[in-house]
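Listing of structure_17.tsv, TSV, C-alpha atoms and all ligand atoms
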chain	number	residue	atom	x	y	z
T	1	MET	CA	7.81	13.34	4.00
T	2	ARG	CA	8.92	16.28	1.87
T	3	HIS	CA	9.09	14.69	-1.60
T	4	LEU	CA	7.53	11.53	-3.00
T	5	ILE	CA	10.25	9.96	-5.13
T	6	ASP	CA	10.10	6.29	-4.19
T	7	PHE	CA	7.34	4.57	-2.21
T	8	GLY	CA	10.07	2.96	-0.11
T	9	ASP	CA	10.71	6.39	1.46
T	10	LEU	CA	7.25	6.42	3.07
T	11	SER	CA	6.73	4.81	6.44
T	12	ARG	CA	3.71	2.60	7.03
T	13	GLU	CA	2.31	5.30	9.35
T	14	GLU	CA	2.68	7.94	6.64
T	15	TRP	CA	0.88	5.69	4.17
T	16	ASP	CA	-1.92	4.92	6.65
T	17	GLU	CA	-2.36	8.66	7.17
T	18	LEU	CA	-2.50	9.29	3.40
T	19	TYR	CA	-5.01	6.49	2.94
T	20	ASP	CA	-7.17	7.83	5.76
T	21	ARG	CA	-7.17	11.26	4.14
T	22	ALA	CA	-7.96	9.79	0.69
T	23	SER	CA	-10.89	7.91	2.25
T	24	ARG	CA	-12.22	11.02	3.94
T	25	ILE	CA	-11.94	12.92	0.64
T	26	MET	CA	-13.89	10.20	-1.19
T	27	ASP	CA	-16.61	10.23	1.43
T	28	ALA	CA	-17.01	14.03	1.59
T	29	PRO	CA	-15.11	15.78	-1.22
T	30	GLU	CA	-16.91	19.09	-0.57
T	31	GLN	CA	-15.03	19.43	2.72
T	32	PHE	CA	-11.72	19.71	0.86
T	33	ILE	CA	-12.45	22.36	-1.77
T	34	GLU	CA	-10.43	25.01	0.07
T	35	THR	CA	-7.50	22.77	1.06
T	36	CYS	CA	-5.14	24.09	-1.65
T	37	ARG	CA	-6.78	27.47	-2.29
T	38	GLY	CA	-4.12	29.83	-3.70
T	39	LYS	CA	-1.61	27.00	-4.27
T	40	VAL	CA	-0.12	26.25	-7.68
T	41	ALA	CA	1.15	22.90	-8.96
T	42	ALA	CA	3.67	22.59	-11.80
T	43	SER	CA	3.04	19.60	-14.04
T	44	LEU	CA	6.09	18.63	-16.12
T	45	PHE	CA	5.36	15.71	-18.41
T	46	TYR	CA	8.33	14.76	-20.58
T	47	GLU	CA	6.52	11.53	-21.58
T	48	PRO	CA	2.97	10.72	-22.72
T	49	SER	CA	0.28	10.30	-20.07
T	50	THR	CA	-3.49	10.32	-19.78
T	51	ARG	CA	-4.45	9.20	-16.28
T	52	THR	CA	-1.52	10.44	-14.25
T	53	ASN	CA	-1.46	13.88	-15.83
T	54	PHE	CA	-5.22	14.42	-15.80
T	55	SER	CA	-5.74	12.93	-12.35
T	56	PHE	CA	-3.06	15.20	-10.87
T	57	GLN	CA	-4.60	18.21	-12.58
T	58	THR	CA	-8.12	17.39	-11.49
T	59	ALA	CA	-6.89	16.54	-7.98
T	60	MET	CA	-5.39	20.02	-7.64
T	61	LEU	CA	-8.47	21.73	-9.12
T	62	ARG	CA	-10.79	19.82	-6.77
T	63	LEU	CA	-8.72	21.06	-3.82
T	64	GLY	CA	-9.18	24.66	-4.96
T	65	GLY	CA	-5.65	25.02	-6.40
T	66	THR	CA	-4.42	25.63	-9.94
T	67	VAL	CA	-1.97	23.95	-12.32
T	68	PHE	CA	0.45	25.02	-15.05
T	69	GLY	CA	3.04	23.09	-17.04
T	70	PHE	CA	3.59	21.13	-20.22
T	71	ALA	CA	2.66	17.75	-21.62
T	72	ASP	CA	5.18	18.12	-24.44
T	73	PRO	CA	8.71	19.18	-23.41
T	74	ASN	CA	9.34	20.58	-26.89
T	75	SER	CA	7.13	23.50	-25.94
T	76	SER	CA	9.52	24.48	-23.08
T	77	SER	CA	13.18	25.57	-22.96
T	78	VAL	CA	14.19	21.92	-22.65
T	79	ALA	CA	14.05	22.08	-26.45
T	80	LYS	CA	16.78	24.77	-26.32
T	81	GLY	CA	19.06	22.55	-24.26
T	82	GLU	CA	18.26	23.73	-20.72
T	83	THR	CA	19.47	21.37	-17.99
T	84	LEU	CA	17.05	19.63	-15.64
T	85	LYS	CA	18.63	21.52	-12.74
T	86	ASP	CA	17.89	24.91	-14.28
T	87	THR	CA	14.36	23.96	-15.29
T	88	ILE	CA	13.63	22.79	-11.72
T	89	LYS	CA	15.22	25.89	-10.16
T	90	MET	CA	12.89	28.04	-12.27
T	91	VAL	CA	9.72	26.02	-12.00
T	92	SER	CA	10.08	25.64	-8.23
T	93	SER	CA	10.30	29.44	-8.01
T	94	TYR	CA	6.81	29.69	-9.48
T	95	ALA	CA	5.02	26.67	-7.99
T	96	ASP	CA	4.22	25.19	-4.56
T	97	VAL	CA	4.68	21.58	-5.70
T	98	VAL	CA	6.27	20.01	-8.81
T	99	VAL	CA	4.84	16.86	-10.40
T	100	MET	CA	7.11	15.33	-13.04
T	101	ARG	CA	7.22	12.38	-15.41
T	102	THR	CA	10.32	11.61	-17.46
T	103	PRO	CA	11.85	8.82	-19.54
T	104	TRP	CA	15.08	9.09	-17.46
T	105	GLU	CA	15.44	6.87	-14.41
T	106	GLY	CA	16.20	8.80	-11.24
T	107	ALA	CA	15.16	12.19	-12.69
T	108	ALA	CA	12.70	13.01	-9.90
T	109	LYS	CA	15.37	12.23	-7.31
T	110	ALA	CA	17.76	14.52	-9.21
T	111	ALA	CA	15.13	17.28	-9.32
T	112	SER	CA	14.53	17.01	-5.58
T	113	LEU	CA	18.16	18.05	-4.94
T	114	TYR	CA	17.55	21.46	-6.50
T	115	SER	CA	13.86	22.15	-5.87
T	116	HIS	CA	12.59	24.80	-3.45
T	117	VAL	CA	9.28	22.94	-3.15
T	118	PRO	CA	8.22	19.28	-2.87
T	119	VAL	CA	8.76	17.07	-5.95
T	120	VAL	CA	6.47	14.20	-6.87
T	121	ASN	CA	7.71	11.39	-9.10
T	122	ALA	CA	4.91	10.70	-11.59
T	123	GLY	CA	7.00	8.00	-13.31
T	124	ASP	CA	10.74	7.93	-14.11
T	125	GLY	CA	11.50	5.68	-17.07
T	126	GLY	CA	11.22	1.98	-16.22
T	127	HIS	CA	12.13	2.67	-12.59
T	128	MET	CA	9.37	3.82	-10.19
T	129	HIS	CA	5.84	5.24	-10.14
T	130	PRO	CA	4.87	5.76	-6.49
T	131	THR	CA	1.58	7.62	-7.02
T	132	GLN	CA	0.29	4.73	-9.15
T	133	THR	CA	1.07	2.59	-6.12
T	134	MET	CA	-1.05	4.93	-4.00
T	135	ALA	CA	-3.92	4.30	-6.45
T	136	ASP	CA	-3.27	0.54	-6.28
T	137	LEU	CA	-3.17	0.34	-2.48
T	138	THR	CA	-6.25	2.53	-2.18
T	139	THR	CA	-8.11	0.17	-4.53
T	140	MET	CA	-7.09	-2.96	-2.62
T	141	THR	CA	-7.89	-1.46	0.77
T	142	ARG	CA	-11.27	-0.02	-0.29
T	143	LEU	CA	-12.40	-3.16	-2.13
T	144	LEU	CA	-10.81	-5.99	-0.13
T	145	GLY	CA	-10.64	-4.27	3.25
T	146	LYS	CA	-6.90	-4.89	3.69
T	147	VAL	CA	-3.56	-5.39	2.00
T	148	ASP	CA	-1.89	-7.59	4.64
T	149	GLY	CA	-1.93	-11.27	3.74
T	150	LEU	CA	-2.88	-10.91	0.07
T	151	SER	CA	-1.55	-13.15	-2.72
T	152	ILE	CA	-0.77	-10.88	-5.63
T	153	GLY	CA	0.01	-11.92	-9.20
T	154	LEU	CA	2.02	-9.37	-11.18
T	155	CYS	CA	1.80	-10.26	-14.85
T	156	GLY	CA	3.46	-8.92	-18.00
T	157	ASP	CA	6.55	-6.76	-18.44
T	158	LEU	CA	8.04	-6.90	-14.96
T	159	LYS	CA	11.42	-5.71	-16.20
T	160	ASN	CA	10.32	-2.34	-17.59
T	161	GLY	CA	7.04	-1.81	-15.74
T	162	ARG	CA	7.69	0.92	-13.17
T	163	THR	CA	4.29	0.44	-11.53
T	164	VAL	CA	5.33	-3.11	-10.67
T	165	HIS	CA	8.60	-1.99	-9.06
T	166	SER	CA	6.85	0.62	-6.93
T	167	LEU	CA	4.16	-1.82	-5.85
T	168	ILE	CA	6.73	-4.41	-4.74
T	169	LYS	CA	8.55	-1.71	-2.72
T	170	ALA	CA	5.29	-0.74	-1.04
T	171	MET	CA	4.39	-4.29	-0.09
T	172	ALA	CA	7.42	-4.55	2.18
T	173	LYS	CA	5.42	-2.32	4.55
T	174	PHE	CA	2.61	-4.89	4.86
T	175	LYS	CA	2.53	-8.29	6.52
T	176	GLY	CA	2.20	-11.67	4.86
T	177	VAL	CA	2.00	-10.52	1.23
T	178	ARG	CA	3.00	-13.19	-1.28
T	179	PHE	CA	3.91	-12.46	-4.91
T	180	PHE	CA	3.56	-14.52	-8.05
T	181	LEU	CA	5.78	-12.86	-10.65
T	182	ILE	CA	4.39	-13.91	-14.02
T	183	SER	CA	6.53	-12.92	-17.01
T	184	PRO	CA	8.61	-14.27	-19.87
T	185	ARG	CA	12.16	-14.91	-18.66
T	186	GLU	CA	13.59	-11.97	-20.58
T	187	LEU	CA	11.06	-9.59	-18.97
T	188	ALA	CA	11.54	-10.74	-15.37
T	189	VAL	CA	12.01	-8.18	-12.56
T	190	PRO	CA	15.38	-6.36	-12.53
T	191	GLU	CA	18.14	-7.60	-10.25
T	192	TYR	CA	17.74	-4.72	-7.77
T	193	MET	CA	14.10	-5.72	-7.26
T	194	ARG	CA	15.00	-9.36	-6.64
T	195	ALA	CA	17.60	-8.16	-4.10
T	196	PHE	CA	14.89	-6.04	-2.48
T	197	LEU	CA	12.46	-8.97	-2.21
T	198	GLN	CA	15.15	-11.14	-0.64
T	199	GLU	CA	16.39	-8.45	1.72
T	200	HIS	CA	12.85	-7.95	3.02
T	201	GLN	CA	12.15	-11.70	3.14
T	202	MET	CA	9.09	-11.32	0.98
T	203	PRO	CA	7.93	-14.68	-0.43
T	204	TYR	CA	7.72	-14.74	-4.23
T	205	THR	CA	7.47	-17.30	-7.00
T	206	GLU	CA	8.61	-16.55	-10.56
T	207	VAL	CA	6.60	-18.32	-13.26
T	208	THR	CA	6.07	-17.93	-16.99
T	209	GLY	CA	2.45	-19.17	-17.17
T	210	LEU	CA	-0.59	-17.22	-15.97
T	211	GLU	CA	-3.26	-19.92	-15.99
T	212	ALA	CA	-1.66	-22.27	-13.50
T	213	VAL	CA	-1.45	-19.67	-10.73
T	214	ILE	CA	-4.74	-17.77	-11.28
T	215	PRO	CA	-6.76	-19.85	-8.76
T	216	GLN	CA	-4.40	-18.84	-5.92
T	217	LEU	CA	-4.62	-15.07	-6.39
T	218	ASP	CA	-6.49	-12.38	-4.46
T	219	VAL	CA	-5.28	-9.73	-6.91
T	220	LEU	CA	-4.19	-10.14	-10.52
T	221	TYR	CA	-2.24	-7.05	-11.59
T	222	MET	CA	-1.90	-7.04	-15.36
T	223	THR	CA	0.60	-4.78	-17.15
T	224	ARG	CA	1.33	-3.84	-20.73
T	225	ILE	CA	4.54	-4.87	-22.51
T	226	GLN	CA	6.35	-1.50	-22.43
T	227	ARG	CA	7.19	-1.09	-26.10
T	228	GLU	CA	8.91	2.31	-25.71
T	229	ARG	CA	11.53	0.84	-23.34
T	230	PHE	CA	12.85	-1.83	-25.70
T	231	VAL	CA	16.23	-1.15	-27.26
T	232	ASP	CA	15.83	-4.17	-29.56
T	233	PRO	CA	12.52	-4.05	-31.52
T	234	LEU	CA	12.76	-7.80	-32.10
T	235	GLU	CA	12.64	-8.41	-28.37
T	236	TYR	CA	9.36	-6.50	-28.28
T	237	GLU	CA	8.00	-8.47	-31.24
T	238	ARG	CA	8.85	-11.73	-29.45
T	239	ASN	CA	6.99	-10.73	-26.31
T	240	LYS	CA	4.01	-8.67	-27.39
T	241	GLY	CA	0.63	-10.33	-26.93
T	242	ILE	CA	2.16	-12.99	-24.70
T	243	TYR	CA	-0.45	-12.71	-21.93
T	244	ILE	CA	-4.08	-12.09	-22.70
T	245	LEU	CA	-6.59	-12.36	-19.89
T	246	THR	CA	-9.90	-13.68	-21.17
T	247	ARG	CA	-13.24	-14.55	-19.59
T	248	ARG	CA	-12.39	-18.20	-19.97
T	249	LYS	CA	-9.17	-17.84	-17.97
T	250	LEU	CA	-11.05	-15.92	-15.29
T	251	GLU	CA	-13.40	-18.85	-14.72
T	252	ARG	CA	-10.76	-20.48	-12.52
T	253	ALA	CA	-10.12	-17.36	-10.44
T	254	LYS	CA	-11.51	-16.70	-6.95
T	255	GLU	CA	-14.94	-15.12	-6.85
T	256	HIS	CA	-13.62	-11.95	-5.19
T	257	MET	CA	-10.24	-11.69	-6.91
T	258	LEU	CA	-9.54	-8.17	-8.21
T	259	VAL	CA	-8.31	-7.70	-11.78
T	260	MET	CA	-6.21	-4.54	-11.69
T	261	HIS	CA	-4.21	-2.70	-14.34
T	262	PRO	CA	-2.49	0.69	-14.19
T	263	LEU	CA	-3.68	1.30	-17.77
T	264	PRO	CA	-3.29	2.01	-20.66
T	265	ARG	CA	-4.25	-1.47	-21.84
T	266	VAL	CA	-3.08	-2.68	-25.21
T	267	ASP	CA	-4.33	-6.24	-25.68
T	268	GLU	CA	-3.47	-7.96	-22.39
T	269	ILE	CA	-7.06	-7.88	-21.10
T	270	ALA	CA	-9.79	-8.87	-23.55
T	271	VAL	CA	-12.47	-6.18	-23.77
T	272	ASP	CA	-15.25	-8.53	-22.65
T	273	VAL	CA	-13.53	-8.90	-19.27
T	274	ASP	CA	-14.50	-5.27	-18.54
T	275	ASP	CA	-18.02	-6.31	-17.55
T	276	ASP	CA	-16.87	-8.95	-15.06
T	277	PRO	CA	-17.45	-7.56	-11.54
T	278	ARG	CA	-13.86	-8.48	-10.66
T	279	ALA	CA	-12.49	-6.06	-13.27
T	280	VAL	CA	-11.76	-2.89	-11.29
T	281	TYR	CA	-9.19	-1.06	-13.42
T	282	PHE	CA	-11.37	1.91	-14.30
T	283	GLN	CA	-12.40	2.31	-10.68
T	284	GLN	CA	-8.70	2.03	-9.76
T	285	ALA	CA	-7.98	5.06	-11.97
T	286	ARG	CA	-10.67	7.07	-10.17
T	287	TYR	CA	-9.28	6.08	-6.77
T	288	GLY	CA	-5.95	7.36	-8.07
T	289	MET	CA	-7.35	10.86	-8.28
T	290	PHE	CA	-8.48	10.77	-4.63
T	291	ALA	CA	-5.14	9.35	-3.54
T	292	ARG	CA	-3.36	12.19	-5.38
T	293	MET	CA	-5.67	14.70	-3.69
T	294	ALA	CA	-4.57	13.30	-0.33
T	295	LEU	CA	-0.92	13.70	-1.34
T	296	LEU	CA	-1.24	17.23	-2.74
T	297	ALA	CA	-3.21	18.39	0.31
T	298	ASP	CA	-0.06	17.67	2.28
T	299	LEU	CA	2.79	18.55	-0.11
T	300	ALA	CA	1.38	21.74	-1.68
T	301	ASN	CA	0.97	23.19	1.81
T	302	GLN	CA	4.57	22.64	2.93
T	303	PRO	CA	6.83	25.63	3.52
T	304	ARG	CA	9.03	26.68	0.63
T	305	LEU	CA	12.82	26.48	1.12
T	306	GLU	CA	14.33	29.86	0.26
T	307	ARG	CA	17.77	28.24	-0.07
T	308	THR	CA	18.29	24.64	-1.16
T	309	PRO	CA	21.16	22.70	0.49
T	310	PRO	CA	24.44	22.82	-1.49
T	311	VAL	CA	25.02	19.85	-3.79
T	312	GLU	CA	28.46	18.49	-4.65
T	313	ILE	CA	29.26	18.71	-8.39
T	314	GLY	CA	29.77	15.35	-10.09
T	315	THR	CA	32.96	14.78	-12.02
T	316	ARG	CA	32.42	11.28	-13.39
T	317	PRO	CA	29.27	9.30	-14.12
T	318	VAL	CA	29.24	6.38	-11.68
T	319	CYS	CA	26.29	4.62	-13.22
T	320	SER	CA	26.39	2.70	-16.49
T	321	ASN	CA	22.61	2.33	-16.93
T	322	PRO	CA	22.02	4.08	-20.29
T	323	ARG	CA	18.59	5.26	-19.08
T	324	CYS	CA	19.90	6.81	-15.86
T	325	ILE	CA	19.53	10.59	-15.47
T	326	THR	CA	23.25	10.82	-14.62
T	327	GLN	CA	24.03	9.95	-18.26
T	328	THR	CA	22.52	13.17	-19.60
T	329	GLN	CA	23.06	15.50	-16.60
T	330	PRO	CA	26.78	15.12	-15.82
T	331	TYR	CA	26.84	17.74	-13.02
T	332	LEU	CA	24.86	15.40	-10.74
T	333	PRO	CA	26.73	14.18	-7.64
T	334	PRO	CA	27.94	10.55	-7.73
T	335	LEU	CA	25.51	9.26	-5.08
T	336	VAL	CA	25.67	5.59	-4.11
T	337	LYS	CA	23.31	3.51	-1.95
T	338	GLN	CA	23.12	-0.10	-0.86
T	339	ASN	CA	20.40	-2.48	-2.02
T	340	GLY	CA	20.63	-5.88	-0.34
T	341	GLY	CA	24.33	-5.29	0.39
T	342	VAL	CA	25.17	-4.31	-3.21
T	343	ASP	CA	26.43	-0.82	-4.20
T	344	CYS	CA	23.81	0.81	-6.45
T	345	CYS	CA	23.23	4.15	-8.13
T	346	ALA	CA	21.19	6.28	-5.72
T	347	PHE	CA	19.24	7.77	-8.65
T	348	CYS	CA	18.17	4.73	-10.69
T	349	ASP	CA	19.00	1.78	-8.36
T	350	ALA	CA	21.09	-0.04	-11.02
T	351	ALA	CA	23.96	-2.07	-9.54
T	352	LEU	CA	27.34	-0.34	-9.98
T	353	ARG	CA	29.99	-2.34	-11.78
T	401	LIG	C1	1.59	3.43	-16.32
T	401	LIG	C2	2.89	4.18	-16.51
T	401	LIG	O1	2.90	5.25	-17.10
T	401	LIG	O2	3.88	3.65	-16.03
T	401	LIG	N1	0.47	4.21	-16.62
T	401	LIG	C3	-0.06	5.00	-15.64
T	401	LIG	O3	0.58	5.90	-15.14
T	401	LIG	N2	-1.29	4.72	-15.21
T	401	LIG	C4	1.58	2.10	-16.96
T	401	LIG	C5	1.95	1.98	-18.41
T	401	LIG	O4	2.25	2.95	-19.08
T	401	LIG	O5	1.92	0.85	-18.88
Please express what this file holds, its structure, as structure tokens.
Ligand code: NCD
Amino acid sequence: MRHLIDFGDLSREEWDELYDRASRIMDAPEQFIETCRGKVAASLFYEPSTRTNFSFQTAMLRLGGTVFGFADPNSSSVAKGETLKDTIKMVSSYADVVVMRTPWEGAAKAASLYSHVPVVNAGDGGHMHPTQTMADLTTMTRLLGKVDGLSIGLCGDLKNGRTVHSLIKAMAKFKGVRFFLISPRELAVPEYMRAFLQEHQMPYTEVTGLEAVIPQLDVLYMTRIQRERFVDPLEYERNKGIYILTRRKLERAKEHMLVMHPLPRVDEIAVDVDDDPRAVYFQQARYGMFARMALLADLANQPRLERTPPVEIGTRPVCSNPRCITQTQPYLPPLVKQNGGVDCCAFCDAALR
């Protein structure tokens, strides 16, 4: 692994190795304080963040490395109209690893074409968020002892929730996982995710109600309705507050079910659920820091490429997804990939029409 753009790019063996390292770090963090000594991470956050940004920063500091970057792109030359390519060329000249979050889908993939050092996708629009998935899998494995064979309910905005898409991708690497996809119809998983589930023969059931399926779940993964991704504010108004997990609803859940959430929470988990022993979302955020330490220990120590491979110049945007990075960076090559036999944009996964 050179970059972490999409969890699907990791093999099961690579994940097992990362998890092993994360576990060893949790058990004896003092043994890792020199792991990234002298290494520098760039942290480019074009979108708001609390956990991902801070947990990456603290992960690097706890490994003995340092961090620079921005949490507000208006403080960098992006505000002067610099392209993503040029920003990445520069930043990867200064850093040993680049961590980036953007509102544009496929931006981390685009950055990886031009970077001299490994790129980590810390969230690209409504597309993917693989390091949140590392936090999620670490939580399930530490607390339930395994991921294979779990019944997992994903609840909320499954259309725009990138953590959900990454988690589904990851589960193809495990055996016997069954999904309950709980969402309003208009916020169901995107077509490319449904194609992925079918291609990998992963059993899933799409439902609109939470209460009926709760008793069957080993993990309930709640998500926020992603207000910033809605083009139509009325669509958000129709769907906000649609799922609220309460203590009463939890009464019917298994005794050892985990309630997870990538956070931030808006109103989808009532505050009094926090004291239920099954509520593990704050612990999940802490595990995320250890998982990111395991990742940085590997990526920040990889050799720098003095020359990056040549990239064909794009002449026409192939993708019509308005949130795709190819819409704002027209020099990108027109890369196509297949998802379940359908031609899709290799940056954002949207089906090409
Ligand atoms: C998530 C994200 O940014 O996608 N947050 C996180 O990284 N923990 C979830 C969200 O914003 O709803």
Distance atom CA of T:Thr35-atom CA of T:Ala297, one decimal place? 6.2 Å
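Comparing T:Ser166, T:Ala270, T:Tyr94, T:Ala135 by their smallest distance to T:Thr52, the closest is T:Ala135 (using only C-alpha atoms).
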Go through stretch 54-96 of chain T and flag each residue having an atom no more than 10 Å from stretch 100-122 of chain T; for those, report the closest pair of atoms plus their distance in Å to one decimal, using all atoms listed in the file, ordered by chain and rising number, as a Markdown table.
| residue | atom | partner | partner_atom | distance |
| --- | --- | --- | --- | --- |
| T:Phe56 | CA | T:Ala122 | CA | 9.2 |
| T:Gly69 | CA | T:Met100 | CA | 9.6 |
| T:Phe70 | CA | T:Met100 | CA | 9.9 |
| T:Ala71 | CA | T:Arg101 | CA | 9.4 |
| T:Pro73 | CA | T:Thr102 | CA | 9.8 |
| T:Leu84 | CA | T:Ala111 | CA | 7.0 |
| T:Lys85 | CA | T:Tyr114 | CA | 6.3 |
| T:Asp86 | CA | T:Tyr114 | CA | 8.5 |
| T:Thr87 | CA | T:Ala111 | CA | 9.0 |
| T:Ile88 | CA | T:Ser115 | CA | 5.9 |
| T:Lys89 | CA | T:Ser115 | CA | 5.9 |
| T:Met90 | CA | T:Ser115 | CA | 8.8 |
| T:Val91 | CA | T:Ser115 | CA | 8.3 |
| T:Ser92 | CA | T:His116 | CA | 5.5 |
| T:Ser93 | CA | T:His116 | CA | 6.9 |
| T:Tyr94 | CA | T:Val117 | CA | 9.6 |
| T:Ala95 | CA | T:Val117 | CA | 7.4 |
| T:Asp96 | CA | T:Val117 | CA | 5.7 |
Output file for the residues above (C-alpha atoms, as a JSON list (two decimals), keeping the file's coordinate frame):
[["chain", "number", "residue", "atom", "x", "y", "z"],
["T", 56, "PHE", "CA", -3.06, 15.20, -10.87],
["T", 69, "GLY", "CA", 3.04, 23.09, -17.04],
["T", 70, "PHE", "CA", 3.59, 21.13, -20.22],
["T", 71, "ALA", "CA", 2.66, 17.75, -21.62],
["T", 73, "PRO", "CA", 8.71, 19.18, -23.41],
["T", 84, "LEU", "CA", 17.05, 19.63, -15.64],
["T", 85, "LYS", "CA", 18.63, 21.52, -12.74],
["T", 86, "ASP", "CA", 17.89, 24.91, -14.28],
["T", 87, "THR", "CA", 14.36, 23.96, -15.29],
["T", 88, "ILE", "CA", 13.63, 22.79, -11.72],
["T", 89, "LYS", "CA", 15.22, 25.89, -10.16],
["T", 90, "MET", "CA", 12.89, 28.04, -12.27],
["T", 91, "VAL", "CA", 9.72, 26.02, -12.00],
["T", 92, "SER", "CA", 10.08, 25.64, -8.23],
["T", 93, "SER", "CA", 10.30, 29.44, -8.01],
["T", 94, "TYR", "CA", 6.81, 29.69, -9.48],
["T", 95, "ALA", "CA", 5.02, 26.67, -7.99],
["T", 96, "ASP", "CA", 4.22, 25.19, -4.56]]
Fewer than 4 positions away in the same chain doesn't count, so skip those; otherwise give me all residues within 12 Å of stretch 336-352 of chain T, counting all atoms listed in the file, as a ChimeraX atom specification. /T:5-6,8,103-113,123-128,162,165,169,190-201,317-327,329,332
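Between atom CA of T:Gln31 and atom CA of T:Gly64 the separation is 11.0 Å.
Taking atom CA of T:Arg62 and atom CA of T:Ala294 as the two end points, the separation is 11.1 Å.
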Residues within 10 Å of ligand LIG 401 (chain T), counting all atoms listed in the file, as a ChimeraX atom specification: /T:47-53,55,101-103,122-133,135,156-157,160-164,222-228,261-266,281,284-285,288
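Compared by their closest atoms to T:Val78, and using only C-alpha atoms, the residues T:Tyr46, T:Met134, T:Pro215, T:Leu61 rank with T:Tyr46 nearest.
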Using only C-alpha atoms - which residues lie no farther than 12 Å from the point (-0.2, -19.4, -17.7) in the file's frame? Write them as a PyMOL selection string. chain T and resi 153+155-156+180-184+206-215+242-246+249-250+252
Any idea what's packed within 10 Å of T:Asp276, counting all atoms listed in the file, ignoring anything in its chain fewer than 3 positions away? Could you give it as an NGL selection string? :T and (247 or 250 or 259 or 272-273 or 279-280)
Hey, what's within 12 Å of T:Met26 if we count only C-alpha atoms and toss same-chain stuff fewer than 6 positions away? As an MDAnalysis selection string, please? chainID T and resid 19:20 32 59 62 138 142 286:294
Find the spatial neighbours of T:Leu296, counting only C-alpha atoms, within a cut-off of 9 Å - ignore same-chain residues fewer than 6 positions away - and output them as JSON, numbers by chain. {"T": [36, 41, 56, 59, 60, 63, 97]}
Padded axis-aligned box of stretch 335-343 of chain T (6 Å per side), centre and edge lengths, Å, one decimal, as AutoDock Vina command-line options:
--center_x 23.4 --center_y 1.7 --center_z -2.3 --size_x 18.0 --size_y 27.1 --size_z 17.5
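With all atoms listed in the file as the basis for measurement, T:Leu167 is the residue among T:Met202, T:Leu167, T:Leu305, T:Leu234 that approaches T:Met140 most closely.
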Any idea what's packed within 12 Å of T:Asn74, counting only C-alpha atoms, ignoring anything in its chain fewer than 6 positions away? Could you give it as a PyMOL selection string? chain T and resi 44-47+80-82
Can stretch 50-59 of chain T be brought up to N, CA, C and O atoms and written out as a PDB file, in the frame of the given file?
ATOM      1  N   THR T  50      -2.090   9.899 -19.820  1.00  0.00           N
ATOM      2  CA  THR T  50      -3.490  10.320 -19.780  1.00  0.00           C
ATOM      3  C   THR T  50      -3.907  10.418 -18.327  1.00  0.00           C
ATOM      4  O   THR T  50      -4.145  11.496 -17.801  1.00  0.00           O
ATOM      5  N   ARG T  51      -3.938   9.249 -17.652  1.00  0.00           N
ATOM      6  CA  ARG T  51      -4.450   9.200 -16.280  1.00  0.00           C
ATOM      7  C   ARG T  51      -3.620  10.007 -15.293  1.00  0.00           C
ATOM      8  O   ARG T  51      -4.154  10.784 -14.503  1.00  0.00           O
ATOM      9  N   THR T  52      -2.316   9.802 -15.293  1.00  0.00           N
ATOM     10  CA  THR T  52      -1.520  10.440 -14.250  1.00  0.00           C
ATOM     11  C   THR T  52      -1.594  11.952 -14.386  1.00  0.00           C
ATOM     12  O   THR T  52      -1.830  12.673 -13.419  1.00  0.00           O
ATOM     13  N   ASN T  53      -1.414  12.449 -15.607  1.00  0.00           N
ATOM     14  CA  ASN T  53      -1.460  13.880 -15.830  1.00  0.00           C
ATOM     15  C   ASN T  53      -2.833  14.449 -15.481  1.00  0.00           C
ATOM     16  O   ASN T  53      -2.962  15.374 -14.674  1.00  0.00           O
ATOM     17  N   PHE T  54      -3.884  13.863 -16.039  1.00  0.00           N
ATOM     18  CA  PHE T  54      -5.220  14.420 -15.800  1.00  0.00           C
ATOM     19  C   PHE T  54      -5.657  14.240 -14.341  1.00  0.00           C
ATOM     20  O   PHE T  54      -6.327  15.090 -13.777  1.00  0.00           O
ATOM     21  N   SER T  55      -5.278  13.125 -13.733  1.00  0.00           N
ATOM     22  CA  SER T  55      -5.740  12.930 -12.350  1.00  0.00           C
ATOM     23  C   SER T  55      -5.010  13.872 -11.410  1.00  0.00           C
ATOM     24  O   SER T  55      -5.586  14.343 -10.426  1.00  0.00           O
ATOM     25  N   PHE T  56      -3.734  14.188 -11.681  1.00  0.00           N
ATOM     26  CA  PHE T  56      -3.060  15.200 -10.870  1.00  0.00           C
ATOM     27  C   PHE T  56      -3.705  16.567 -11.065  1.00  0.00           C
ATOM     28  O   PHE T  56      -3.919  17.312 -10.106  1.00  0.00           O
ATOM     29  N   GLN T  57      -3.993  16.892 -12.322  1.00  0.00           N
ATOM     30  CA  GLN T  57      -4.600  18.210 -12.580  1.00  0.00           C
ATOM     31  C   GLN T  57      -5.954  18.330 -11.898  1.00  0.00           C
ATOM     32  O   GLN T  57      -6.239  19.318 -11.223  1.00  0.00           O
ATOM     33  N   THR T  58      -6.784  17.304 -12.083  1.00  0.00           N
ATOM     34  CA  THR T  58      -8.120  17.390 -11.490  1.00  0.00           C
ATOM     35  C   THR T  58      -8.034  17.334  -9.970  1.00  0.00           C
ATOM     36  O   THR T  58      -8.815  17.987  -9.272  1.00  0.00           O
ATOM     37  N   ALA T  59      -7.067  16.594  -9.443  1.00  0.00           N
ATOM     38  CA  ALA T  59      -6.890  16.540  -7.980  1.00  0.00           C
ATOM     39  C   ALA T  59      -6.638  17.948  -7.458  1.00  0.00           C
ATOM     40  O   ALA T  59      -7.263  18.399  -6.485  1.00  0.00           O
TER      41      ALA T  59
END
